[in-house]
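The structure appears below as structure tokens.
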Amino acid sequence: MKHKVIIEPFKIKMVEPISMSSEKERIKYLKQANYNTFLLKSDEVIIDFLTDSGTSAMSAEQWGGVMIGDESYAGSRSWLKMEAAVKNLTGHKYILPTHQGRAAERIIYGYLGGNGKTFISNTHFDTTRANIEFSGAEALDIAIPESNDPALIHPFKGNIDVERLDKLIKEKGAENIGAVILTVTNNSGGGQPVSMKNTRDVSAICKKHNVLFLLDCCRVAENAYFIKDREEGFENKTYEEIAQEMFSYTDGSAMSAKKDALVNMGGFLSLRDKKIADACTNLLIITEGFATYGGLSGRDMEALAIGLKEVFDPSYLEYRIKSTAYLGNKLHEMGVPVMMPIGGHAVYIDAKKLYSHIPVNQYPGQALVCELYLKAGIRTVEIGSVMFGKYDKNGELIPAPMELVRLAIPRRVYTQSHIEYVIETFEEILKTKDQTVGIKIVEEPEFLRHFTAKFDKVQSESVIA
Ligand code: F0G
């Protein structure tokens, strides 16, 4: 029999209580947090969809690994296991442990970057861009044009525009290109996958121009699922083989292990070139730690080595991608405008379309974030004009291209009934959407304002009257 229901391919051995709250309590909590869900206490949240990063539930085997972690300063057994697991995946010769993704980014982009350098990606994740720009270099995003249309169906909406890539390298001069970076899956572009063909094409262009090609690989297992499912010629390959092939075309990678290595903290840098690896190892030792632990404990490295294998288990990956799609497709069928097709780690809601009556300078995405919290204690994040908006000379908002809300799903944490609860909440969101009012910014810092800005609700016209 072929079942329609996707069951979690695990049993629960240890539980973490959720602290439940009433709508009345949440009104108070949200007011105290100035309508910014980053400022809520986690105990005030029922379902936490803020991020899929560092929020995975570890397996019994990983917890077992934690107990045998070797905390030696140098040459730790746990490091040797982590190094072997990363080498097996990437095929790269030099592996540098770091405490998380952005530490790997700071090291490699600090080394490759600097004034006059250009980095080109499908989409640089915020911290990647920040590390590149901090070095004085520029970061250009050139995903395929289809990636900007939330409703458009395309199997590999995370692909980079290869023609533009070739042109851009010629225009800028190959010697000025710091690196080409493929982000898999493309987080900022909706968690959309990149095809193997696109990876091969990028590799060929980089080889032709003698430019370094790196993978931002924090969701590479999820990306491998989409390749096996959607790209011809991969039906009989394992997910791990697909990921290994992807790495085979690259010169190096940076990984935030907080995603597809199923750990709460960790990361690495992998490289083929000795000269670059030596320079990066120096920087690693100055800022992260000795070369056999980076910023990690032995127990972290032990869990990471196990997680990197577990993530390629077909029952896990199938459950992971299908359960994200289950939520996204249900919302789509109900008439909630979602970014299509559904990506690997998150569902993205098009708040501009949902709340077409709220102007962009009243932040429809933040309005939805607040509604989801008030109605059900669901914590999400706005990826729109609160996060990326800028002001012109007259102080008018220059809005972001899209007003999205991300429901990022932690790995192995929530069950089907949690997801049904979220779906039920959206029924109410749709029913009450015309009464939902916009949001204004009351106070904001100069940089990365979404983390700490203070908001308030704009009074509805009926209230003013
Ligand atoms: N690259 C990508 C594609 C990411 O999504 C992230 C983190 C990083 C790099 C940085 O890794 O957090 O370990 O330093 N993304 C998280 C998110 C924060 O919520 O999407 P880090």
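Every chain in the structure tokens takes a letter, A first, then B, and so on in the order presented; its residues are numbered from 1, and the ligands are numbered from 1 following the presented order.
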
Could the residues of chain A that have an atom at most 7 Å from ligand 1 be listed as JSON lines, each with its closest atom pair and the distance in Å to one decimal, counting only C-alpha atoms and all ligand atoms and ordered by chain and ascending residue number?
{"residue": "A:Thr51", "atom": "CA", "partner": "ligand 1", "partner_atom_place_in_ligand_line": "19 (O)", "distance": 4.3}
{"residue": "A:Asp52", "atom": "CA", "partner": "ligand 1", "partner_atom_place_in_ligand_line": "19 (O)", "distance": 6.0}
{"residue": "A:Ser53", "atom": "CA", "partner": "ligand 1", "partner_atom_place_in_ligand_line": "16 (C)", "distance": 5.1}
{"residue": "A:Gln100", "atom": "CA", "partner": "ligand 1", "partner_atom_place_in_ligand_line": "13 (O)", "distance": 4.0}
{"residue": "A:Gly101", "atom": "CA", "partner": "ligand 1", "partner_atom_place_in_ligand_line": "13 (O)", "distance": 3.6}
{"residue": "A:Arg102", "atom": "CA", "partner": "ligand 1", "partner_atom_place_in_ligand_line": "14 (O)", "distance": 3.7}
{"residue": "A:Ala103", "atom": "CA", "partner": "ligand 1", "partner_atom_place_in_ligand_line": "14 (O)", "distance": 6.5}
{"residue": "A:Phe125", "atom": "CA", "partner": "ligand 1", "partner_atom_place_in_ligand_line": "3 (C)", "distance": 5.0}
{"residue": "A:Thr127", "atom": "CA", "partner": "ligand 1", "partner_atom_place_in_ligand_line": "10 (C)", "distance": 5.8}
{"residue": "A:Thr128", "atom": "CA", "partner": "ligand 1", "partner_atom_place_in_ligand_line": "9 (C)", "distance": 6.1}
{"residue": "A:Thr183", "atom": "CA", "partner": "ligand 1", "partner_atom_place_in_ligand_line": "3 (C)", "distance": 5.8}
{"residue": "A:Val184", "atom": "CA", "partner": "ligand 1", "partner_atom_place_in_ligand_line": "3 (C)", "distance": 6.9}
{"residue": "A:Asn186", "atom": "CA", "partner": "ligand 1", "partner_atom_place_in_ligand_line": "3 (C)", "distance": 6.5}
{"residue": "A:Asn187", "atom": "CA", "partner": "ligand 1", "partner_atom_place_in_ligand_line": "3 (C)", "distance": 5.2}
{"residue": "A:Asp216", "atom": "CA", "partner": "ligand 1", "partner_atom_place_in_ligand_line": "1 (N)", "distance": 5.9}
{"residue": "A:Cys218", "atom": "CA", "partner": "ligand 1", "partner_atom_place_in_ligand_line": "3 (C)", "distance": 6.0}
{"residue": "A:Met255", "atom": "CA", "partner": "ligand 1", "partner_atom_place_in_ligand_line": "9 (C)", "distance": 6.9}
{"residue": "A:Ser256", "atom": "CA", "partner": "ligand 1", "partner_atom_place_in_ligand_line": "13 (O)", "distance": 4.1}
{"residue": "A:Ala257", "atom": "CA", "partner": "ligand 1", "partner_atom_place_in_ligand_line": "13 (O)", "distance": 6.7}
{"residue": "A:Lys258", "atom": "CA", "partner": "ligand 1", "partner_atom_place_in_ligand_line": "13 (O)", "distance": 5.8}
{"residue": "A:Gly266", "atom": "CA", "partner": "ligand 1", "partner_atom_place_in_ligand_line": "13 (O)", "distance": 7.0}
{"residue": "A:Gly267", "atom": "CA", "partner": "ligand 1", "partner_atom_place_in_ligand_line": "13 (O)", "distance": 6.6}

Determine which residues of segment 68-140 of chain A receive a DSSP assignment of helix (DSSP H, G or I), computed from the backbone, and state them as a VMD selection string.
-> chain A and resid 77 to 90 101 to 112 126 to 134

List the neighbours of Glu428 of chain A out to 10 Å using only C-alpha atoms; skip same-chain residues closer than 6 positions along the sequence, and give me the result as a list in words.
-> Glu371, Leu372, Lys375 and Ala376 of chain A

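Using only C-alpha atoms, the protein and nucleic acid residues lying no more than 12 Å from segment 171-177 of chain A, apart from those fewer than 5 places from it along its own chain, are Tyr109, Leu112, Gly113, Gly114, Asn115, Gly116, Lys117, Thr118, Phe119, Ile120, Ser121, Ile132, Ala137, Glu138, Ala139, Leu140, Arg164, Leu165, Asp166, Ile205, Cys206, Lys207, Lys208, His209, Asn210, Val211, Leu212 and Phe213 of chain A.
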
Would you write out those residues with N, CA and C atoms, as a compact mmCIF listing (two decimals), in the first residue's frame?
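part_30.txt, freshly written:
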# COMPACT_ATOMS: atom_id res chain seq x y z
N TYR A 109 36.64 34.89 3.08
CA TYR A 109 36.38 36.12 2.31
C TYR A 109 37.27 37.26 2.80
N LEU A 112 40.31 36.34 0.63
CA LEU A 112 40.17 36.52 -0.83
C LEU A 112 39.68 37.92 -1.21
N GLY A 113 39.06 38.60 -0.24
CA GLY A 113 38.39 39.88 -0.56
C GLY A 113 39.33 41.07 -0.56
N GLY A 114 38.77 42.23 -0.27
CA GLY A 114 39.54 43.48 -0.26
C GLY A 114 39.03 44.42 -1.34
N ASN A 115 39.49 45.66 -1.26
CA ASN A 115 39.05 46.69 -2.22
C ASN A 115 39.28 46.23 -3.65
N GLY A 116 38.30 46.49 -4.50
CA GLY A 116 38.46 46.19 -5.93
C GLY A 116 38.06 44.77 -6.31
N LYS A 117 37.82 43.91 -5.33
CA LYS A 117 37.43 42.52 -5.65
C LYS A 117 35.91 42.41 -5.78
N THR A 118 35.50 41.47 -6.61
CA THR A 118 34.07 41.20 -6.79
C THR A 118 33.79 39.72 -6.54
N PHE A 119 32.72 39.46 -5.82
CA PHE A 119 32.24 38.08 -5.62
C PHE A 119 30.89 37.96 -6.31
N ILE A 120 30.67 36.82 -6.95
CA ILE A 120 29.41 36.64 -7.69
C ILE A 120 28.73 35.37 -7.19
N SER A 121 27.42 35.48 -6.93
CA SER A 121 26.68 34.33 -6.39
C SER A 121 25.28 34.28 -6.99
N ILE A 132 31.95 39.78 2.99
CA ILE A 132 32.59 40.23 1.75
C ILE A 132 32.71 41.75 1.74
N ALA A 137 35.26 44.44 -0.52
CA ALA A 137 34.89 43.92 -1.84
C ALA A 137 33.40 44.11 -2.09
N GLU A 138 32.97 43.84 -3.34
CA GLU A 138 31.53 43.92 -3.63
C GLU A 138 30.98 42.52 -3.86
N ALA A 139 29.67 42.38 -3.57
CA ALA A 139 29.00 41.07 -3.70
C ALA A 139 27.81 41.23 -4.65
N LEU A 140 27.84 40.51 -5.79
CA LEU A 140 26.76 40.64 -6.77
C LEU A 140 25.93 39.36 -6.84
N ARG A 164 25.09 35.62 -17.75
CA ARG A 164 25.51 36.85 -17.05
C ARG A 164 26.81 36.65 -16.30
N LEU A 165 26.98 35.44 -15.77
CA LEU A 165 28.21 35.14 -15.03
C LEU A 165 29.42 35.31 -15.94
N ASP A 166 29.34 34.68 -17.13
CA ASP A 166 30.45 34.74 -18.08
C ASP A 166 30.74 36.20 -18.45
N ILE A 205 32.80 27.61 -16.57
CA ILE A 205 33.09 29.05 -16.76
C ILE A 205 34.24 29.47 -15.84
N CYS A 206 34.20 29.01 -14.59
CA CYS A 206 35.25 29.38 -13.64
C CYS A 206 36.61 28.82 -14.09
N LYS A 207 36.61 27.60 -14.61
CA LYS A 207 37.87 26.99 -15.09
C LYS A 207 38.41 27.78 -16.27
N LYS A 208 37.50 28.12 -17.19
CA LYS A 208 37.91 28.87 -18.39
C LYS A 208 38.61 30.18 -18.00
N HIS A 209 38.07 30.85 -16.99
CA HIS A 209 38.63 32.15 -16.60
C HIS A 209 39.65 32.03 -15.45
N ASN A 210 39.87 30.80 -15.00
CA ASN A 210 40.76 30.58 -13.86
C ASN A 210 40.31 31.36 -12.60
N VAL A 211 39.00 31.21 -12.31
CA VAL A 211 38.40 31.88 -11.15
C VAL A 211 38.02 30.81 -10.13
N LEU A 212 38.16 31.14 -8.84
CA LEU A 212 37.85 30.18 -7.77
C LEU A 212 36.34 29.94 -7.65
N PHE A 213 35.94 28.68 -7.49
CA PHE A 213 34.52 28.32 -7.40
C PHE A 213 34.25 27.66 -6.05

With a distance cut-off of 8 Å and only C-alpha atoms, select the neighbouring residues of Leu404 of chain A, excluding the residue or stretch itself and same-chain residues fewer than 4 positions from it, and output the selection as a ChimeraX atom specification.
-> /A:348-352,365,382-384

Point-to-point distance from atom CA of Pro401 of chain A to atom CA of Gly344 of chain A, Å rounded to tenths =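 Computing it gives 21.9 Å between the two atoms.
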
Which residues are near segment 72-74 of chain A? Cut-off 10 Å, only C-alpha atoms, ignore same chain within fewer than 4 positions. Put them as a CSV table (one decimal) with N, CA, C and O atoms, in the first residue's frame.
chain,number,residue,atom,x,y,z
A,78,SER,N,38.0,13.1,18.0
A,78,SER,CA,36.7,13.6,17.5
A,78,SER,C,36.9,14.5,16.3
A,78,SER,O,36.2,14.4,15.3
A,79,TRP,N,38.0,15.2,16.3
A,79,TRP,CA,38.4,16.0,15.1
A,79,TRP,C,38.7,15.1,13.9
A,79,TRP,O,38.3,15.3,12.8
A,289,GLY,N,40.7,29.2,16.9
A,289,GLY,CA,41.3,28.1,17.7
A,289,GLY,C,42.3,27.3,16.9
A,289,GLY,O,42.4,27.5,15.7
A,290,PHE,N,42.9,26.4,17.6
A,290,PHE,CA,43.9,25.5,16.9
A,290,PHE,C,43.3,24.8,15.7
A,290,PHE,O,42.1,24.5,15.8
A,291,ALA,N,44.1,24.3,14.8
A,291,ALA,CA,43.6,23.8,13.5
A,291,ALA,C,42.8,22.5,13.7
A,291,ALA,O,42.1,22.0,12.8
A,292,THR,N,42.9,21.8,14.9
A,292,THR,CA,42.2,20.6,15.1
A,292,THR,C,40.9,20.7,15.9
A,292,THR,O,40.4,19.8,16.4
A,293,TYR,N,40.5,22.0,16.2
A,293,TYR,CA,39.2,22.2,16.8
A,293,TYR,C,38.5,23.4,16.4
A,293,TYR,O,37.2,23.6,16.6
A,297,SER,N,34.1,22.3,20.5
A,297,SER,CA,34.4,21.3,21.5
A,297,SER,C,34.6,19.9,20.8
A,297,SER,O,34.0,19.7,19.8
A,298,GLY,N,35.3,19.0,21.4
A,298,GLY,CA,35.4,17.7,20.9
A,298,GLY,C,34.0,17.0,20.7
A,298,GLY,O,33.7,16.4,19.7

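Of the listed residues A:Glu44, A:Leu50, A:Gly335, A:Glu424, the one whose atoms come nearest to Val405 of chain A is A:Leu50, with distances taken using only C-alpha atoms.
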
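Using only C-alpha atoms, the smallest distance between any of A:Lys13, A:Lys353, A:Lys275, A:Lys457 and Val336 of chain A comes from A:Lys353.
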
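The environment of Ser315 of chain A within 9 Å, counting only C-alpha atoms and disregarding residues fewer than 5 places along the same chain, consists of Glu8, Pro9 and Arg320 of chain A.
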
With all heavy atoms retained, could you export that selection as an mmCIF file, in the first residue's frame?
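Done, and the output landed in result_37.cif:
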data_model
loop_
_atom_site.group_PDB
_atom_site.id
_atom_site.type_symbol
_atom_site.label_atom_id
_atom_site.label_comp_id
_atom_site.auth_asym_id
_atom_site.auth_seq_id
_atom_site.Cartn_x
_atom_site.Cartn_y
_atom_site.Cartn_z
ATOM 1 N N GLU A 8 6.826 10.812 10.729
ATOM 2 C CA GLU A 8 8.173 11.166 11.152
ATOM 3 C C GLU A 8 8.965 9.864 11.250
ATOM 4 O O GLU A 8 8.523 8.947 11.946
ATOM 5 C CB GLU A 8 8.152 11.868 12.517
ATOM 6 C CG GLU A 8 7.516 13.243 12.499
ATOM 7 C CD GLU A 8 5.983 13.242 12.525
ATOM 8 O OE1 GLU A 8 5.377 12.212 12.834
ATOM 9 O OE2 GLU A 8 5.411 14.306 12.210
ATOM 10 N N PRO A 9 10.135 9.755 10.573
ATOM 11 C CA PRO A 9 10.872 8.487 10.629
ATOM 12 C C PRO A 9 11.732 8.401 11.892
ATOM 13 O O PRO A 9 12.926 8.105 11.829
ATOM 14 C CB PRO A 9 11.723 8.538 9.353
ATOM 15 C CG PRO A 9 11.956 9.989 9.126
ATOM 16 C CD PRO A 9 10.782 10.721 9.671
ATOM 17 N N ARG A 320 11.806 15.019 5.406
ATOM 18 C CA ARG A 320 12.145 16.436 5.559
ATOM 19 C C ARG A 320 11.523 17.278 4.430
ATOM 20 O O ARG A 320 10.837 18.258 4.683
ATOM 21 C CB ARG A 320 13.678 16.577 5.565
ATOM 22 C CG ARG A 320 14.199 17.994 5.445
ATOM 23 C CD ARG A 320 13.975 18.765 6.712
ATOM 24 N NE ARG A 320 14.506 20.114 6.653
ATOM 25 C CZ ARG A 320 14.080 21.102 7.431
ATOM 26 N NH1 ARG A 320 13.133 20.890 8.328
ATOM 27 N NH2 ARG A 320 14.609 22.302 7.337
#

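Of the residues in segment 71-172 of chain A, those given strand (DSSP E or B) by DSSP on the backbone are Tyr94, Ile95, Leu96, Pro97, Thr98, Thr118, Phe119, Ile120, Ser121, Glu138, Ala139, Leu140, Asp141, Ala143 and Ile160 of chain A.
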
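Separating atom CA of Gly343 of chain A from atom CA of Ala325 of chain A is a distance of 7.4 Å.
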
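Distances from A:Lys167, A:Pro155, A:Asn36, A:Ala60 to Leu368 of chain A were compared using only C-alpha atoms, and the smallest one belongs to A:Asn36.
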
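Using only C-alpha atoms, the smallest distance between any of A:Pro341, A:Gly328, A:Gly158, A:Pro359 and His124 of chain A comes from A:Gly158.
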
Using only C-alpha atoms: which of A:Thr432, A:Thr380, A:Asn223, A:Ser323 has the shortest distance to Pro193 of chain A =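 Residue with the minimum atom-to-atom distance to Pro193 of chain A: A:Asn223.
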
Have a look at A:Asn34, A:Asn122, A:Asn394, A:Asn264 and name the one nearest to Lys440 of chain A; count only C-alpha atoms.
-> A:Asn34

Enter the distance from atom CA of Ile144 of chain A to atom CA of Tyr239 of chain A, in Å, rounded to one decimal.
->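 According to the coordinates, atom CA of Ile144 of chain A and atom CA of Tyr239 of chain A are separated by 24.7 Å.
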